[in-house]
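Have a look at final10.txt; it's compact mmCIF, C-alpha atoms:
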# COMPACT_ATOMS: atom_id res chain seq x y z
CA MET D 1 112.03 73.46 56.48
CA SER D 2 115.08 71.47 55.34
CA GLY D 3 117.88 70.66 57.78
CA LEU D 4 120.32 73.01 56.08
CA ALA D 5 117.84 75.91 56.05
CA LEU D 6 117.13 75.32 59.74
CA LEU D 7 120.83 75.47 60.56
CA ALA D 8 121.31 78.57 58.40
CA VAL D 9 118.43 80.44 60.07
CA THR D 10 119.73 79.51 63.52
CA GLY D 11 123.24 80.58 62.48
CA VAL D 12 122.00 84.00 61.35
CA LEU D 13 120.12 84.50 64.63
CA LEU D 14 123.17 83.49 66.69
CA TYR D 15 125.35 85.85 64.68
CA GLY D 16 122.84 88.60 65.39
CA LEU D 17 123.22 88.01 69.15
CA ARG D 18 127.01 88.10 68.91
CA ALA D 19 127.09 91.16 66.66
CA SER D 20 124.41 93.12 68.50
CA PHE D 21 126.83 95.41 70.33
CA ILE D 22 130.06 94.82 68.39
CA VAL D 23 129.02 95.86 64.86
CA PRO D 24 127.66 99.26 65.99
CA ALA D 25 130.52 99.68 68.50
CA GLY D 26 132.05 102.54 66.53
CA ARG D 27 129.00 104.78 66.96
CA LEU D 28 127.53 103.18 70.07
CA THR D 29 127.93 104.98 73.36
CA ILE D 30 127.54 102.62 76.27
CA PRO D 31 126.60 104.46 79.49
CA ALA D 32 129.44 104.52 82.03
CA GLY D 33 127.36 102.64 84.59
CA LEU D 34 126.63 99.81 82.15
CA GLU D 35 130.28 99.70 81.09
CA ARG D 36 131.33 99.28 84.73
CA LEU D 37 128.79 96.47 85.05
CA LEU D 38 130.10 94.73 81.94
CA GLU D 39 133.65 94.82 83.32
CA HIS D 40 132.50 92.08 85.68
CA ALA D 41 130.91 89.90 82.98
CA ARG D 42 133.61 87.23 82.72
CA PRO D 43 133.67 85.80 86.27
CA ALA D 44 129.90 86.16 86.64
CA VAL D 45 129.01 84.46 83.33
CA LEU D 46 131.55 81.65 83.80
CA ALA D 47 130.39 80.95 87.37
CA ALA D 48 126.75 80.90 86.23
CA LEU D 49 127.66 78.64 83.31
CA LEU D 50 129.53 76.22 85.60
CA VAL D 51 126.64 75.90 88.05
CA SER D 52 124.12 75.59 85.21
CA VAL D 53 126.04 72.62 83.80
CA ILE D 54 126.29 70.95 87.22
CA VAL D 55 122.72 71.42 88.43
CA GLY D 56 121.18 71.00 84.98
CA GLY D 57 118.01 72.65 83.76
CA PRO D 58 114.35 71.70 83.88
CA GLY D 59 114.12 68.08 82.81
CA THR D 60 117.85 67.32 82.99
CA GLY D 61 118.68 67.34 86.70
CA PHE D 62 121.70 67.42 89.00
CA ASP D 63 124.85 65.64 87.78
CA PRO D 64 127.07 64.25 90.61
CA ALA D 65 129.83 63.32 88.14
CA ALA D 66 130.05 66.98 87.12
CA VAL D 67 130.62 67.94 90.77
CA VAL D 68 133.53 65.49 91.03
CA VAL D 69 135.06 66.76 87.80
CA ALA D 70 134.56 70.40 88.85
CA ALA D 71 136.22 69.78 92.24
CA VAL D 72 139.25 68.09 90.67
CA ALA D 73 139.47 70.84 88.03
CA MET D 74 139.40 73.55 90.71
CA VAL D 75 142.29 71.96 92.60
CA ALA D 76 144.21 71.50 89.35
CA ALA D 77 143.47 75.05 88.12
CA SER D 78 144.71 76.54 91.39
CA ARG D 79 148.10 74.86 90.99
CA LEU D 80 148.67 73.93 87.36
CA SER D 81 148.74 75.55 83.92
CA PHE D 82 145.67 75.62 81.68
CA LEU D 83 147.02 72.78 79.52
CA ALA D 84 147.85 70.60 82.55
CA THR D 85 144.38 71.28 83.97
CA THR D 86 142.69 70.03 80.80
CA VAL D 87 144.85 66.87 80.87
CA VAL D 88 143.97 66.26 84.54
CA GLY D 89 140.30 66.81 83.62
CA LEU D 90 140.46 64.26 80.81
CA ALA D 91 142.17 61.76 83.12
CA THR D 92 139.45 62.28 85.76
CA ILE D 93 136.70 61.68 83.21
CA GLY D 94 138.54 58.52 82.12
CA LEU D 95 138.76 57.27 85.70
CA LEU D 96 135.06 57.99 86.27
CA ALA D 97 134.27 55.86 83.21
CA LEU D 98 136.28 52.96 84.66
CA ALA D 99 134.72 53.28 88.13
CA MET A 1 144.07 83.71 82.39
CA THR A 2 147.39 84.90 83.58
CA ALA A 3 147.82 82.45 86.42
CA VAL A 4 146.35 79.45 84.66
CA ARG A 5 148.60 79.80 81.70
CA GLY A 6 151.49 79.48 84.14
CA ARG A 7 153.18 82.64 83.09
CA ALA A 8 153.84 85.99 84.60
CA SER A 9 152.15 89.00 83.03
CA GLN A 10 154.10 90.08 79.99
CA ALA A 11 152.68 93.58 79.86
CA SER A 12 156.20 94.99 79.98
CA ASP A 13 157.32 93.09 76.84
CA PRO A 14 158.29 95.61 74.16
CA ALA A 15 156.36 94.02 71.27
CA PRO A 16 154.81 90.66 72.14
CA ASP A 17 153.75 88.67 69.10
CA PRO A 18 149.94 88.33 69.38
CA ILE A 19 149.80 85.33 67.05
CA ARG A 20 152.37 83.30 68.99
CA ARG A 21 150.72 84.24 72.26
CA ALA A 22 147.29 83.23 70.90
CA VAL A 23 148.57 79.86 69.68
CA ARG A 24 150.25 79.18 73.03
CA HIS A 25 147.24 80.21 75.09
CA ASN A 26 144.72 78.40 72.89
CA ALA A 27 146.50 75.02 72.74
CA GLY A 28 145.02 73.79 76.02
CA VAL A 29 141.56 75.03 75.07
CA CYS A 30 141.69 73.14 71.77
CA ILE A 31 142.75 69.95 73.56
CA GLY A 32 139.85 70.33 75.99
CA LEU A 33 137.28 71.15 73.30
CA ALA A 34 138.29 68.48 70.78
CA PRO A 35 136.58 65.55 72.56
CA ILE A 36 133.37 67.60 72.86
CA GLY A 37 133.39 68.33 69.13
CA PHE A 38 134.01 64.65 68.45
CA VAL A 39 130.96 63.67 70.55
CA LEU A 40 128.91 66.27 68.67
CA GLY A 41 129.97 64.57 65.43
CA VAL A 42 128.94 61.18 66.80
CA THR A 43 125.59 62.68 67.84
CA ILE A 44 125.08 64.01 64.32
CA GLY A 45 125.92 60.57 62.92
CA GLU A 46 123.26 59.00 65.16
CA SER A 47 120.61 61.67 64.41
CA SER A 48 118.07 61.76 61.60
CA ILE A 49 119.95 64.66 59.94
CA ASP A 50 122.14 63.85 56.96
CA GLY A 51 125.81 63.67 58.07
CA PRO A 52 127.28 66.42 55.82
CA ILE A 53 124.34 68.75 56.56
CA GLY A 54 124.68 68.10 60.27
CA TRP A 55 128.39 68.79 60.04
CA ALA A 56 127.67 72.08 58.25
CA GLY A 57 125.98 73.19 61.46
CA GLY A 58 129.47 73.47 62.97
CA PRO A 59 130.62 76.35 60.78
CA LEU A 60 127.10 77.78 60.41
CA LEU A 61 126.31 77.99 64.12
CA ALA A 62 129.83 78.23 65.57
CA SER A 63 128.31 77.08 68.84
CA GLY A 64 128.53 73.56 70.21
CA ALA A 65 125.82 74.12 72.83
CA ALA A 66 123.33 75.48 70.31
CA HIS A 67 124.18 72.68 67.87
CA PHE A 68 123.60 70.00 70.53
CA ALA A 69 120.34 71.70 71.58
CA LEU A 70 119.07 71.89 68.01
CA LEU A 71 119.79 68.20 67.39
CA ALA A 72 118.22 67.20 70.72
CA ALA A 73 115.07 69.26 70.08
CA LEU A 74 114.65 67.83 66.59
CA GLY A 75 115.34 64.32 67.93
CA GLN A 76 112.54 64.76 70.48
CA GLY A 77 110.11 65.72 67.72
CA SER A 78 110.02 69.48 68.34
CA THR A 79 108.84 71.75 65.56
CA ALA A 80 111.47 73.67 63.58
CA VAL A 81 110.48 76.95 65.25
CA ALA A 82 110.71 75.44 68.75
CA ALA A 83 114.11 73.87 67.96
CA VAL A 84 115.51 77.17 66.67
CA ALA A 85 114.06 79.07 69.64
CA THR A 86 115.69 76.63 72.07
CA ALA A 87 119.10 76.96 70.41
CA VAL A 88 118.89 80.77 70.31
CA ALA A 89 117.66 81.08 73.90
CA LEU A 90 120.56 78.93 75.09
CA SER A 91 122.94 81.35 73.37
CA THR A 92 121.65 84.62 74.80
CA ARG A 93 124.83 84.96 76.87
CA ASN A 94 126.55 85.76 73.58
CA ALA A 95 124.76 89.13 73.65
CA LEU A 96 126.37 89.74 77.05
CA TYR A 97 129.79 88.91 75.60
CA SER A 98 129.06 91.25 72.70
CA ALA A 99 128.21 94.09 75.08
CA ALA A 100 131.25 93.40 77.27
CA LEU A 101 133.59 93.48 74.26
CA ALA A 102 131.96 96.45 72.49
CA SER A 103 134.42 98.98 73.92
CA ARG A 104 137.34 96.84 72.65
CA PHE A 105 135.90 97.03 69.14
CA ARG A 106 135.27 100.77 69.18
CA HIS A 107 138.56 101.59 67.45
CA GLN A 108 138.67 98.53 65.19
CA PRO A 109 138.15 98.62 61.39
CA ARG A 110 134.65 98.02 60.13
CA TRP A 111 135.50 94.66 58.47
CA PHE A 112 136.68 93.31 61.81
CA ARG A 113 133.55 94.53 63.59
CA TRP A 114 131.52 92.46 61.11
CA LEU A 115 133.81 89.39 61.02
CA GLY A 116 134.80 89.23 64.69
CA PRO A 117 131.37 88.34 66.14
CA TYR A 118 131.27 85.13 64.10
CA PHE A 119 134.05 83.65 66.25
CA LEU A 120 132.65 84.84 69.60
CA VAL A 121 132.29 81.83 71.92
CA ASP A 122 132.79 81.31 75.67
CA GLN A 123 136.45 80.35 75.43
CA LEU A 124 137.38 83.14 73.03
CA PHE A 125 135.62 85.73 75.18
CA ALA A 126 137.52 84.66 78.31
CA MET A 127 140.88 84.70 76.52
CA VAL A 128 140.55 88.01 74.66
CA ASP A 129 139.08 89.78 77.69
CA GLU A 130 142.17 88.77 79.71
CA GLU A 131 144.58 89.57 76.90
CA HIS A 132 143.12 93.03 76.36
CA ARG A 133 143.81 93.95 79.98
CA ALA A 134 147.51 93.09 79.49
CA HIS A 135 147.85 94.40 75.90
CA PRO A 136 145.20 96.99 75.01
CA ASP A 137 146.72 97.91 71.62
CA PRO A 138 143.93 97.56 68.97
CA ALA A 139 146.16 95.81 66.39
CA HIS A 140 147.41 93.35 69.01
CA PHE A 141 143.83 92.66 70.12
CA ARG A 142 142.68 92.11 66.51
CA ARG A 143 145.46 89.64 65.61
CA TYR A 144 145.12 87.78 68.90
CA TYR A 145 141.32 87.56 68.52
CA LEU A 146 141.43 86.34 64.90
CA THR A 147 144.16 83.77 65.58
CA ILE A 148 142.16 82.26 68.43
CA GLY A 149 138.94 82.40 66.41
CA VAL A 150 140.39 80.73 63.31
CA MET A 151 142.13 78.06 65.44
CA LEU A 152 138.94 77.22 67.32
CA ALA A 153 136.76 77.19 64.20
CA GLY A 154 139.25 75.05 62.24
CA MET A 155 139.77 72.57 65.06
CA TRP A 156 135.99 72.35 65.61
CA ALA A 157 135.25 71.64 61.94
CA VAL A 158 137.86 68.85 61.84
CA VAL A 159 136.87 67.05 65.06
CA VAL A 160 133.13 67.25 64.31
CA ALA A 161 133.82 65.74 60.88
CA LEU A 162 135.88 62.99 62.53
CA GLY A 163 133.01 62.25 64.89
CA VAL A 164 130.54 61.99 62.00
CA ALA A 165 132.89 59.79 59.97
CA VAL A 166 134.33 57.49 62.63
CA GLY A 167 131.10 57.05 64.58
CA PRO A 168 130.59 55.78 68.09
CA VAL A 169 134.02 54.36 68.87
CA LEU A 170 134.02 55.96 72.31
CA PRO A 171 132.46 53.86 75.10
CA ALA A 172 129.21 55.39 76.36
CA ALA A 173 130.59 55.47 79.92
CA LEU A 174 133.28 57.94 78.85
CA ARG A 175 131.41 61.21 79.35
CA VAL A 176 133.68 63.56 77.46
CA GLU A 177 130.96 66.24 77.49
CA LEU A 178 132.11 66.85 81.08
CA MET A 179 135.17 68.54 79.57
CA VAL A 180 132.93 71.63 79.42
CA VAL A 181 133.11 71.70 83.23
CA VAL A 182 136.91 71.43 83.17
CA LEU A 183 137.27 74.21 80.59
CA VAL A 184 134.91 76.57 82.43
CA VAL A 185 136.71 76.00 85.75
CA ALA A 186 140.11 76.50 84.10
CA MET A 187 138.92 79.82 82.63
CA LEU A 188 137.02 80.94 85.72
CA TRP A 189 139.74 80.37 88.33
CA PRO A 190 142.27 82.95 87.11
CA SER A 191 139.55 85.57 86.66
CA LEU A 192 138.91 85.60 90.42
CA VAL A 193 141.67 88.10 91.14
CA ARG A 194 139.83 91.00 92.77
CA GLY A 195 137.40 90.82 95.65
CA SER A 196 134.65 92.09 93.37
CA ASP A 197 135.35 89.24 90.92
CA ARG A 198 134.96 86.67 93.70
CA VAL A 199 131.76 88.31 94.97
CA GLY A 200 130.33 88.46 91.46
CA ALA A 201 131.16 84.80 90.77
CA GLY A 202 129.77 83.72 94.15
CA VAL A 203 126.49 85.55 93.70
CA ALA A 204 126.15 84.34 90.10
CA ALA A 205 126.77 80.74 91.21
CA ALA A 206 124.25 80.99 94.06
CA VAL A 207 121.56 82.55 91.88
CA ALA A 208 122.24 80.01 89.11
CA VAL A 209 121.23 77.14 91.44
CA PHE A 210 117.69 78.52 91.67
CA ALA A 211 117.56 80.20 88.28
CA SER A 212 118.31 76.86 86.61
CA LEU A 213 114.59 76.14 87.03
CA LEU A 214 113.78 78.91 84.54
CA PRO A 215 113.00 77.72 81.01
CA LEU A 216 115.22 77.74 77.91
CA GLY A 217 118.48 78.38 79.74
CA SER A 218 117.39 81.91 80.65
CA GLY A 219 118.49 81.29 84.24
CA LEU A 220 122.11 81.54 83.16
CA VAL A 221 121.67 85.11 81.95
CA VAL A 222 119.66 86.06 85.04
CA ALA A 223 122.38 84.63 87.31
CA ALA A 224 125.17 86.33 85.35
CA LEU A 225 123.42 89.72 85.55
CA ALA A 226 122.91 89.28 89.31
CA GLY A 227 126.60 88.47 89.72
CA MET A 228 127.69 91.45 87.62
CA ALA A 229 125.47 93.78 89.64
CA ALA A 230 126.79 92.40 92.95
CA ALA A 231 130.39 92.82 91.79
CA ALA A 232 129.76 96.41 90.69
CA VAL A 233 128.13 97.26 94.03
CA TRP A 234 131.01 95.63 95.91
CA GLU A 235 133.59 97.54 93.92
CA ARG A 236 131.81 100.85 94.51
CA ARG A 237 131.70 100.26 98.27
CA ALA A 238 135.31 99.07 98.52
Starting from the file, lay out its structure as structure tokens.
Amino acid sequence: MSGLALLAVTGVLLYGLRASFIVPAGRLTIPAGLERLLEHARPAVLAALLVSVIVGGPGTGFDPAAVVVAAVAMVAASRLSFLATTVVGLATIGLLALA
Amino acid sequence: MTAVRGRASQASDPAPDPIRRAVRHNAGVCIGLAPIGFVLGVTIGESSIDGPIGWAGGPLLASGAAHFALLAALGQGSTAVAAVATAVALSTRNALYSAALASRFRHQPRWFRWLGPYFLVDQLFAMVDEEHRAHPDPAHFRRYYLTIGVMLAGMWAVVVALGVAVGPVLPAALRVELMVVVLVVAMLWPSLVRGSDRVGAGVAAAVAVFASLLPLGSGLVVAALAGMAAAAVWERRA
């Protein structure tokens, strides 16, 4: 399979995941219980994503630098705007590179 | 992301401009994502895939994580099927986003229900989910969503191309991929408003530590579902 075909196939499959509930949304009735569950998706998914990046997966392993960056970002996010937090994050990554 | 954006809720504004709000809210996200896209471009330049074809993966996949995974799998000699399966498995959380946003799309025109999913990534999901709580009007949601989506896709295409073209000018010690951590924290923090949100995030984080041992990134979805269930139970009991 050529590189472009591989990317195209993957792209179609990813679009399918994203569209799975949105395209039929007009005629799809999501049970009330599931809808209440999905209301809590954002904090749960983001927290799981954060920890997954820090601890790594099978074969990748724990990343101490990610813990430092996450701690600094949490302090910054609790006090600063989104934009300022990203700048503080970039500065922290720069300092880690110099250390 | 009300608190993180450093603004008070503007739900009482008579007619807030969704495009201006989207541009303002998305500026920090673009700044945080740009270095990651650049590194992806450098990775493409160093891979066995032809530069322009590798770059085309940006608009075709619209997913940095899947793109990185695909390149890594191919670089390690995986078969095409295994590489695609890895990239798709890593993106299963997109189905969760799709389900969580389905009710927001119920009263949207058909063309938007087909086009909108293309732009659905972590950062967009967090921003539109927050914005919809403040401004539930369908037209406002649509314009806000599309502005963020087009901005992210355009920025991503440019910085990935720059990475491919300019090559490895960044020192290896500068781990700009850690900007993912910064962006996730910056989006997570303001979503921890209610007790149920904090319980859900805590449970998801705790489960993710152990679930990370599961293959193909499936632990992330398991942990997220556990957190969502815990938050729902907490809210019912409160």
Write out as lines of an AutoDock Vina configuration file an axis-aligned box for segment 79-92 of chain D: all of its atoms listed in the file, 6 Å added on each side, centre and edge lengths in Å with one decimal.
center_x = 144.1
center_y = 68.7
center_z = 85.3
size_x = 21.3
size_y = 25.9
size_z = 23.5
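We find atom CA of Val23 of chain D and atom CA of Val221 of chain A to be spaced 21.5 Å apart.
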Fill in: Interatomic distance, atom CA of Pro64 of chain D to atom CA of Met155 of chain A (Å, one decimal)
29.7 Å
Discussion item. I want to know what sits within 8 Å of Ala153 of chain A, based on all atoms listed in the file, with residues of the same chain fewer than 5 positions away left out; could you give that as an NGL selection string?
Written reply: :A and (59 or 62 or 119)
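Relative to atom CA of Met74 of chain D, atom CA of Ala44 of chain D is found at 16.3 Å.
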Item to complete: Name the closest residue to Val75 of chain D among the candidates D:Gly89, D:Ala5, D:Ala41, D:Tyr15; distances are taken between atoms, counting only C-alpha atoms.
Response: D:Gly89
Practice prompt. Measuring atom to atom with all atoms listed in the file, identify which of A:Ser212, A:Ala100, A:Val222, A:Ala229 is nearest to Ile54 of chain D.
Written response: A:Ser212
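The residue set within 9 Å of Pro52 of chain A, counting only C-alpha atoms and dropping same-chain residues fewer than 5 places from it, reads Gly57, Ala161 and Val164 of chain A.
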Please return as a short mmCIF file (atom, residue, chain, number, x, y, z; two decimals) with C-alpha atoms, keeping the file's coordinate frame every residue within 12 Å of (142.5, 65.3, 82.3), taking into account all atoms listed in the file and the file's own coordinates.
data_model
loop_
_atom_site.label_atom_id
_atom_site.label_comp_id
_atom_site.auth_asym_id
_atom_site.auth_seq_id
_atom_site.Cartn_x
_atom_site.Cartn_y
_atom_site.Cartn_z
CA VAL D 69 135.06 66.76 87.80
CA ALA D 70 134.56 70.40 88.85
CA VAL D 72 139.25 68.09 90.67
CA ALA D 73 139.47 70.84 88.03
CA ALA D 76 144.21 71.50 89.35
CA ALA D 77 143.47 75.05 88.12
CA LEU D 80 148.67 73.93 87.36
CA PHE D 82 145.67 75.62 81.68
CA LEU D 83 147.02 72.78 79.52
CA ALA D 84 147.85 70.60 82.55
CA THR D 85 144.38 71.28 83.97
CA THR D 86 142.69 70.03 80.80
CA VAL D 87 144.85 66.87 80.87
CA VAL D 88 143.97 66.26 84.54
CA GLY D 89 140.30 66.81 83.62
CA LEU D 90 140.46 64.26 80.81
CA ALA D 91 142.17 61.76 83.12
CA THR D 92 139.45 62.28 85.76
CA ILE D 93 136.70 61.68 83.21
CA GLY D 94 138.54 58.52 82.12
CA LEU D 95 138.76 57.27 85.70
CA LEU D 96 135.06 57.99 86.27
CA GLY A 28 145.02 73.79 76.02
CA ILE A 31 142.75 69.95 73.56
CA GLY A 32 139.85 70.33 75.99
CA LEU A 33 137.28 71.15 73.30
CA PRO A 35 136.58 65.55 72.56
CA VAL A 176 133.68 63.56 77.46
CA LEU A 178 132.11 66.85 81.08
CA MET A 179 135.17 68.54 79.57
CA VAL A 180 132.93 71.63 79.42
CA VAL A 181 133.11 71.70 83.23
CA VAL A 182 136.91 71.43 83.17
CA LEU A 183 137.27 74.21 80.59
CA ALA A 186 140.11 76.50 84.10
#
Worksheet item: Pick from A:Gly200, A:Pro136, A:Gly51, A:Gly195: nearest to chain D, with all atoms listed in the file counted?
Response: A:Gly200
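Shortest separation to Arg42 of chain D among A:Val42, A:Leu188, A:Ala80, A:Ala102 occurs at residue A:Leu188, atoms counted being all atoms listed in the file.
If you measure from each of A:Ile44, A:Ala87, A:Val158, A:Leu124 to chain D using only C-alpha atoms, the closest one turns out to be A:Ala87.
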Worksheet entry | Among the residues A:Val185, A:Tyr144, A:Pro16, A:Gly45, the one that comes closest to Ala71 of chain D [using all atoms listed in the file] | A:Val185
Env of Thr86 of chain A: 12 Å cut, atoms = only C-alpha atoms, seq-sep filter 3 positions within chain, self excluded. Answer as a PDB file with C-alpha atoms, in the coordinates of the input.
ATOM      1  CA  THR D  10     119.730  79.510  63.520  1.00  0.00           C
ATOM      2  CA  LEU D  13     120.120  84.500  64.630  1.00  0.00           C
ATOM      3  CA  LEU D  14     123.170  83.490  66.690  1.00  0.00           C
TER       4      LEU D  14
ATOM      5  CA  ALA A  65     125.820  74.120  72.830  1.00  0.00           C
ATOM      6  CA  ALA A  66     123.330  75.480  70.310  1.00  0.00           C
ATOM      7  CA  HIS A  67     124.180  72.680  67.870  1.00  0.00           C
ATOM      8  CA  PHE A  68     123.600  70.000  70.530  1.00  0.00           C
ATOM      9  CA  ALA A  69     120.340  71.700  71.580  1.00  0.00           C
ATOM     10  CA  LEU A  70     119.070  71.890  68.010  1.00  0.00           C
ATOM     11  CA  LEU A  71     119.790  68.200  67.390  1.00  0.00           C
ATOM     12  CA  ALA A  72     118.220  67.200  70.720  1.00  0.00           C
ATOM     13  CA  ALA A  73     115.070  69.260  70.080  1.00  0.00           C
ATOM     14  CA  LEU A  74     114.650  67.830  66.590  1.00  0.00           C
ATOM     15  CA  SER A  78     110.020  69.480  68.340  1.00  0.00           C
ATOM     16  CA  THR A  79     108.840  71.750  65.560  1.00  0.00           C
ATOM     17  CA  ALA A  80     111.470  73.670  63.580  1.00  0.00           C
ATOM     18  CA  VAL A  81     110.480  76.950  65.250  1.00  0.00           C
ATOM     19  CA  ALA A  82     110.710  75.440  68.750  1.00  0.00           C
ATOM     20  CA  ALA A  83     114.110  73.870  67.960  1.00  0.00           C
ATOM     21  CA  ALA A  89     117.660  81.080  73.900  1.00  0.00           C
ATOM     22  CA  LEU A  90     120.560  78.930  75.090  1.00  0.00           C
ATOM     23  CA  SER A  91     122.940  81.350  73.370  1.00  0.00           C
ATOM     24  CA  THR A  92     121.650  84.620  74.800  1.00  0.00           C
ATOM     25  CA  PRO A 215     113.000  77.720  81.010  1.00  0.00           C
ATOM     26  CA  LEU A 216     115.220  77.740  77.910  1.00  0.00           C
ATOM     27  CA  GLY A 217     118.480  78.380  79.740  1.00  0.00           C
ATOM     28  CA  SER A 218     117.390  81.910  80.650  1.00  0.00           C
TER      29      SER A 218
END
Discussion item. Give me, as a list of chain:residue names, all polymer residues having an atom no more than 12 Å from Phe62 of chain D, counting only C-alpha atoms and skipping those fewer than 3 positions away in the same chain.
Written reply: D:Val51, D:Ser52, D:Val53, D:Ile54, D:Val55, D:Gly56, D:Gly57, D:Pro58, D:Gly59, D:Ala65, D:Ala66, D:Val67, A:Val209, A:Ser212, A:Leu213
Store the residues picked out above, limited to C-alpha atoms, as a PDB file, keeping the file's coordinate frame.
ATOM      1  CA  VAL D  51     126.640  75.900  88.050  1.00  0.00           C
ATOM      2  CA  SER D  52     124.120  75.590  85.210  1.00  0.00           C
ATOM      3  CA  VAL D  53     126.040  72.620  83.800  1.00  0.00           C
ATOM      4  CA  ILE D  54     126.290  70.950  87.220  1.00  0.00           C
ATOM      5  CA  VAL D  55     122.720  71.420  88.430  1.00  0.00           C
ATOM      6  CA  GLY D  56     121.180  71.000  84.980  1.00  0.00           C
ATOM      7  CA  GLY D  57     118.010  72.650  83.760  1.00  0.00           C
ATOM      8  CA  PRO D  58     114.350  71.700  83.880  1.00  0.00           C
ATOM      9  CA  GLY D  59     114.120  68.080  82.810  1.00  0.00           C
ATOM     10  CA  ALA D  65     129.830  63.320  88.140  1.00  0.00           C
ATOM     11  CA  ALA D  66     130.050  66.980  87.120  1.00  0.00           C
ATOM     12  CA  VAL D  67     130.620  67.940  90.770  1.00  0.00           C
TER      13      VAL D  67
ATOM     14  CA  VAL A 209     121.230  77.140  91.440  1.00  0.00           C
ATOM     15  CA  SER A 212     118.310  76.860  86.610  1.00  0.00           C
ATOM     16  CA  LEU A 213     114.590  76.140  87.030  1.00  0.00           C
TER      17      LEU A 213
END
Discussion item. Can you pull out the residues contacting Gly26 of chain D? Cut-off 10 Å, using all atoms listed in the file, and skip same-chain residues under 3 positions away; I want them as an MDAnalysis selection string.
Written reply: (chainID D and resid 21:23 29) or (chainID A and resid 102:110 113)
Item to complete: Give as a ChimeraX atom specification every residue, naming chains and numbers as the document does, that has an atom within 10 Å of (123.7, 89.5, 84.8), counting all atoms listed in the file.
Response: /D:37-38,40-41,44-45,48 /A:93,96,200,204,219-230
Dump as a PDB file, in the frame of the given file, selection limited to C-alpha atoms:
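The resulting file, part.pdb, is shown below:
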ATOM      1  CA  LEU D  37     128.790  96.470  85.050  1.00  0.00           C
ATOM      2  CA  LEU D  38     130.100  94.730  81.940  1.00  0.00           C
ATOM      3  CA  HIS D  40     132.500  92.080  85.680  1.00  0.00           C
ATOM      4  CA  ALA D  41     130.910  89.900  82.980  1.00  0.00           C
ATOM      5  CA  ALA D  44     129.900  86.160  86.640  1.00  0.00           C
ATOM      6  CA  VAL D  45     129.010  84.460  83.330  1.00  0.00           C
ATOM      7  CA  ALA D  48     126.750  80.900  86.230  1.00  0.00           C
TER       8      ALA D  48
ATOM      9  CA  ARG A  93     124.830  84.960  76.870  1.00  0.00           C
ATOM     10  CA  LEU A  96     126.370  89.740  77.050  1.00  0.00           C
ATOM     11  CA  GLY A 200     130.330  88.460  91.460  1.00  0.00           C
ATOM     12  CA  ALA A 204     126.150  84.340  90.100  1.00  0.00           C
ATOM     13  CA  GLY A 219     118.490  81.290  84.240  1.00  0.00           C
ATOM     14  CA  LEU A 220     122.110  81.540  83.160  1.00  0.00           C
ATOM     15  CA  VAL A 221     121.670  85.110  81.950  1.00  0.00           C
ATOM     16  CA  VAL A 222     119.660  86.060  85.040  1.00  0.00           C
ATOM     17  CA  ALA A 223     122.380  84.630  87.310  1.00  0.00           C
ATOM     18  CA  ALA A 224     125.170  86.330  85.350  1.00  0.00           C
ATOM     19  CA  LEU A 225     123.420  89.720  85.550  1.00  0.00           C
ATOM     20  CA  ALA A 226     122.910  89.280  89.310  1.00  0.00           C
ATOM     21  CA  GLY A 227     126.600  88.470  89.720  1.00  0.00           C
ATOM     22  CA  MET A 228     127.690  91.450  87.620  1.00  0.00           C
ATOM     23  CA  ALA A 229     125.470  93.780  89.640  1.00  0.00           C
ATOM     24  CA  ALA A 230     126.790  92.400  92.950  1.00  0.00           C
TER      25      ALA A 230
END
